[in-house]
Amino acid sequence: MQNKYEKKQKGDLPVLAICYDFDKTLTPDDMQAQGYIQAVGQDVDEFWMESNMLASNHEMDQGLAYMYMMKKYSSGKILFTKGTLMEHGKSIQLFPGVEKWFDRTKEYGKKCGVKVEHYIISSGLKEMIEGTSVAEAGAFEKIYANSFLYDEFGVAIWPAQVINYTNKTQFLFRVEKGVLDIGDDDVNSRFAEEDTRVPFRNIVYIGDSATDIPCMKLVKTRGGYSIGVYNPETEEKTKVYQLIRDKRIDYFVPADYREGEILDKLICSIIEKTAKNEMIEKYRISCEKETKDAEQFESMETIIKRELSIDLIGSSSFKETHTIISELNMYDDFEPDTVEKLFTAGARNGQVRAVINDPDVAAFYNGLISKCNVLSEEGKKVRDLIDGCIVR
């Protein structure tokens, strides 16, 4: 059955994916506290206290709890529709420089030969994020966040998607593989390294607190970049200090997205590094692929003989040496590179040198030497060892 979902394809340019939490990462406060909670006649602190208590008392996901509270308190106050929620998104305050950040980093990426993409992975509300000026301008490749199901009149009636701190990580794998649609199970499929659209080394995760830890840890341990941000006005760094202590992040910076600020310089450096590193990685992968392709045309016998020669180089006992020699004696001819490995074993491995004049070992090497028109330096050392010209 053909997969009905479209996937992002790997292009000529390497991709750097920058993934963001939203609340207190791109905006100084929770999005619901910037107009919505007040609009339904509630005190912000009391709203969150009640929401957290609801989650605790009923073993409920905190995201589901606040979504229930939003719907509950909208009754008789505002029309609870997608349009209303997006409208509230327009009033969300963004950190300095966020408005121009996404286009500027994309443009810098182009100059460096890197395609920069931006993704939201948030436990906030998707509809509100979609209402922000940056989302409406097309800043994000994809927004993963909590969302509602709507009835035929556009009224929110049920949660459609809930994202918490633990299941956030699945979306990093979607970004990695280009399998962006939430319903696409191909996210669980294995992709060859050369077919991976955004390897984790090219993923940046930017967040602010403990709820981002699973994503930060995953990105960091897989070779990407985890960055903690703090409010540049308050300069409160307690959370990012803890993230550094716990080795969840590599860097922390103020959430100031303006050109020339620390975060801007850091991301530009990562873009530059990505451009250079991907040239190296591309060549490494091509070497591995060529080797694998070449091996497909080799006979199994050739591969076995080469592996035995490598085993002899690493032999760590007399018994192992004699066993390997016994297996090698089953073959008459050896490829030049294998011959050289066998001579290297005889000349350099102390275990092999110590038994070089045992009848089976000496016979094997004398046969090898007799078939060589020109002996390499290692071959000459083996010959001299057998002839007694070199003291072991």
# chains A, B, ... in the order shown; residues from 1 in each chain; ligands from 1
call {"tool": "residues_around", "arguments": {"residues": "segment 238-249 of chain A", "least_positions_apart": "5", "cutoff": "9 Å", "atoms": "only C-alpha atoms", "output": "mmCIF file with N, CA and C atoms, in the first residue's frame"}}
result
data_model
loop_
_atom_site.group_PDB
_atom_site.id
_atom_site.type_symbol
_atom_site.label_atom_id
_atom_site.label_comp_id
_atom_site.auth_asym_id
_atom_site.auth_seq_id
_atom_site.Cartn_x
_atom_site.Cartn_y
_atom_site.Cartn_z
ATOM 1 N N ASP A 208 14.079 26.525 27.353
ATOM 2 C CA ASP A 208 14.355 27.366 28.523
ATOM 3 C C ASP A 208 14.319 26.643 29.864
ATOM 4 N N SER A 209 13.760 25.410 29.913
ATOM 5 C CA SER A 209 13.529 24.855 31.246
ATOM 6 C C SER A 209 13.535 23.333 31.258
ATOM 7 N N ALA A 210 13.168 22.780 32.414
ATOM 8 C CA ALA A 210 13.190 21.328 32.609
ATOM 9 C C ALA A 210 12.274 20.585 31.650
ATOM 10 N N ILE A 213 14.089 19.114 28.711
ATOM 11 C CA ILE A 213 15.235 18.230 28.956
ATOM 12 C C ILE A 213 15.284 17.017 28.020
ATOM 13 N N PRO A 214 14.184 16.267 27.827
ATOM 14 C CA PRO A 214 14.299 15.106 26.931
ATOM 15 C C PRO A 214 14.803 15.477 25.534
ATOM 16 N N CYS A 215 14.286 16.573 24.982
ATOM 17 C CA CYS A 215 14.745 17.001 23.650
ATOM 18 C C CYS A 215 16.191 17.474 23.699
ATOM 19 N N MET A 216 16.522 18.242 24.718
ATOM 20 C CA MET A 216 17.895 18.735 24.845
ATOM 21 C C MET A 216 18.880 17.578 24.954
ATOM 22 N N LYS A 217 18.553 16.597 25.792
ATOM 23 C CA LYS A 217 19.444 15.462 25.999
ATOM 24 C C LYS A 217 19.600 14.650 24.719
ATOM 25 N N LEU A 218 18.482 14.389 24.020
ATOM 26 C CA LEU A 218 18.531 13.599 22.793
ATOM 27 C C LEU A 218 19.406 14.269 21.740
ATOM 28 N N LYS A 220 21.714 16.597 22.169
ATOM 29 C CA LYS A 220 23.109 16.709 22.629
ATOM 30 C C LYS A 220 23.855 15.385 22.495
ATOM 31 N N THR A 221 23.238 14.291 22.937
ATOM 32 C CA THR A 221 23.927 12.998 22.911
ATOM 33 C C THR A 221 24.116 12.469 21.500
ATOM 34 N N TYR A 225 23.137 20.344 18.763
ATOM 35 C CA TYR A 225 23.421 21.496 19.608
ATOM 36 C C TYR A 225 22.203 21.807 20.480
ATOM 37 N N SER A 226 22.377 21.756 21.797
ATOM 38 C CA SER A 226 21.303 22.100 22.730
ATOM 39 C C SER A 226 21.644 23.427 23.400
ATOM 40 N N ILE A 227 20.718 24.373 23.285
ATOM 41 C CA ILE A 227 20.957 25.731 23.780
ATOM 42 C C ILE A 227 19.858 26.123 24.757
ATOM 43 N N GLY A 228 20.242 26.576 25.927
ATOM 44 C CA GLY A 228 19.284 27.101 26.899
ATOM 45 C C GLY A 228 19.231 28.615 26.796
ATOM 46 N N VAL A 229 18.034 29.177 26.901
ATOM 47 C CA VAL A 229 17.893 30.636 26.865
ATOM 48 C C VAL A 229 17.268 31.134 28.172
ATOM 49 N N TYR A 230 17.568 32.366 28.501
ATOM 50 C CA TYR A 230 16.984 33.010 29.692
ATOM 51 C C TYR A 230 16.532 34.420 29.321
#
call {"tool": "closest_atom_pairs", "arguments": {"of": "segment 182-255 of chain A", "to": "segment 8-17 of chain A", "cutoff": "7 Å", "atoms": "only C-alpha atoms", "output": "CSV"}}
result
residue,atom,partner,partner_atom,distance
A:Arg197,CA,A:Lys10,CA,5.0
A:Val198,CA,A:Val15,CA,5.8
A:Asn202,CA,A:Leu16,CA,4.9
A:Ile203,CA,A:Ala17,CA,4.9
A:Val204,CA,A:Ala17,CA,6.2
call {"tool": "atom_distance", "arguments": {"atom1": "atom CA of Leu266 of chain A", "atom2": "atom CA of Val219 of chain A"}}
result
16.6 Å
call {"tool": "select_by_dssp", "arguments": {"residues": "segment 172-238 of chain A", "states": "alpha helix (DSSP H)", "output": "ChimeraX atom specification"}}
result
/A:172-177,213-221,238
call {"tool": "write_last_selection", "arguments": {"atoms": "N, CA, C and O atoms", "output": "PDB file, in the first residue's frame"}}
result
ATOM      1  N   LEU A 172      11.440  15.321  16.908  1.00  0.00           N
ATOM      2  CA  LEU A 172      12.825  15.454  16.448  1.00  0.00           C
ATOM      3  C   LEU A 172      13.147  14.365  15.435  1.00  0.00           C
ATOM      4  O   LEU A 172      13.838  14.614  14.443  1.00  0.00           O
ATOM      5  N   PHE A 173      12.637  13.158  15.667  1.00  0.00           N
ATOM      6  CA  PHE A 173      12.852  12.077  14.702  1.00  0.00           C
ATOM      7  C   PHE A 173      12.102  12.357  13.397  1.00  0.00           C
ATOM      8  O   PHE A 173      12.559  11.983  12.319  1.00  0.00           O
ATOM      9  N   ARG A 174      10.965  13.007  13.492  1.00  0.00           N
ATOM     10  CA  ARG A 174      10.230  13.381  12.265  1.00  0.00           C
ATOM     11  C   ARG A 174      11.045  14.393  11.460  1.00  0.00           C
ATOM     12  O   ARG A 174      11.144  14.295  10.234  1.00  0.00           O
ATOM     13  N   VAL A 175      11.621  15.358  12.156  1.00  0.00           N
ATOM     14  CA  VAL A 175      12.473  16.340  11.478  1.00  0.00           C
ATOM     15  C   VAL A 175      13.670  15.643  10.850  1.00  0.00           C
ATOM     16  O   VAL A 175      14.039  15.915   9.701  1.00  0.00           O
ATOM     17  N   GLU A 176      14.291  14.735  11.599  1.00  0.00           N
ATOM     18  CA  GLU A 176      15.472  14.016  11.112  1.00  0.00           C
ATOM     19  C   GLU A 176      15.182  13.308   9.788  1.00  0.00           C
ATOM     20  O   GLU A 176      15.977  13.376   8.839  1.00  0.00           O
ATOM     21  N   LYS A 177      14.036  12.647   9.714  1.00  0.00           N
ATOM     22  CA  LYS A 177      13.737  11.803   8.553  1.00  0.00           C
ATOM     23  C   LYS A 177      12.893  12.510   7.486  1.00  0.00           C
ATOM     24  O   LYS A 177      12.649  11.928   6.420  1.00  0.00           O
ATOM     25  N   ILE A 213      14.089  19.114  28.711  1.00  0.00           N
ATOM     26  CA  ILE A 213      15.235  18.230  28.956  1.00  0.00           C
ATOM     27  C   ILE A 213      15.284  17.017  28.020  1.00  0.00           C
ATOM     28  O   ILE A 213      16.352  16.723  27.454  1.00  0.00           O
ATOM     29  N   PRO A 214      14.184  16.267  27.827  1.00  0.00           N
ATOM     30  CA  PRO A 214      14.299  15.106  26.931  1.00  0.00           C
ATOM     31  C   PRO A 214      14.803  15.477  25.534  1.00  0.00           C
ATOM     32  O   PRO A 214      15.647  14.773  24.973  1.00  0.00           O
ATOM     33  N   CYS A 215      14.286  16.573  24.982  1.00  0.00           N
ATOM     34  CA  CYS A 215      14.745  17.001  23.650  1.00  0.00           C
ATOM     35  C   CYS A 215      16.191  17.474  23.699  1.00  0.00           C
ATOM     36  O   CYS A 215      16.996  17.142  22.818  1.00  0.00           O
ATOM     37  N   MET A 216      16.522  18.242  24.718  1.00  0.00           N
ATOM     38  CA  MET A 216      17.895  18.735  24.845  1.00  0.00           C
ATOM     39  C   MET A 216      18.880  17.578  24.954  1.00  0.00           C
ATOM     40  O   MET A 216      19.922  17.561  24.279  1.00  0.00           O
ATOM     41  N   LYS A 217      18.553  16.597  25.792  1.00  0.00           N
ATOM     42  CA  LYS A 217      19.444  15.462  25.999  1.00  0.00           C
ATOM     43  C   LYS A 217      19.600  14.650  24.719  1.00  0.00           C
ATOM     44  O   LYS A 217      20.717  14.247  24.353  1.00  0.00           O
ATOM     45  N   LEU A 218      18.482  14.389  24.020  1.00  0.00           N
ATOM     46  CA  LEU A 218      18.531  13.599  22.793  1.00  0.00           C
ATOM     47  C   LEU A 218      19.406  14.269  21.740  1.00  0.00           C
ATOM     48  O   LEU A 218      20.265  13.633  21.126  1.00  0.00           O
ATOM     49  N   VAL A 219      19.189  15.550  21.533  1.00  0.00           N
ATOM     50  CA  VAL A 219      19.963  16.282  20.521  1.00  0.00           C
ATOM     51  C   VAL A 219      21.441  16.312  20.902  1.00  0.00           C
ATOM     52  O   VAL A 219      22.323  16.062  20.069  1.00  0.00           O
ATOM     53  N   LYS A 220      21.714  16.597  22.169  1.00  0.00           N
ATOM     54  CA  LYS A 220      23.109  16.709  22.629  1.00  0.00           C
ATOM     55  C   LYS A 220      23.855  15.385  22.495  1.00  0.00           C
ATOM     56  O   LYS A 220      24.983  15.343  21.993  1.00  0.00           O
ATOM     57  N   THR A 221      23.238  14.291  22.937  1.00  0.00           N
ATOM     58  CA  THR A 221      23.927  12.998  22.911  1.00  0.00           C
ATOM     59  C   THR A 221      24.116  12.469  21.500  1.00  0.00           C
ATOM     60  O   THR A 221      24.994  11.640  21.265  1.00  0.00           O
ATOM     61  N   THR A 238      19.054  30.716  36.879  1.00  0.00           N
ATOM     62  CA  THR A 238      19.025  29.510  37.720  1.00  0.00           C
ATOM     63  C   THR A 238      18.759  28.255  36.902  1.00  0.00           C
ATOM     64  O   THR A 238      19.432  27.224  37.061  1.00  0.00           O
TER      65      THR A 238
END
call {"tool": "closest_residue", "arguments": {"among": "A:Gly63, A:Gly183, A:Gly124, A:Gly207", "to": "Lys4 of chain A", "atoms": "only C-alpha atoms"}}
result
A:Gly183
call {"tool": "atom_distance", "arguments": {"atom1": "atom CA of Arg383 of chain A", "atom2": "atom CA of Ile304 of chain A"}}
result
24.7 Å
call {"tool": "select_by_dssp", "arguments": {"residues": "segment 150-355 of chain A", "states": "strand (DSSP E or B)", "output": "PyMOL selection string"}}
result
chain A and resi 150+155-161+203-207+225-230+251-254
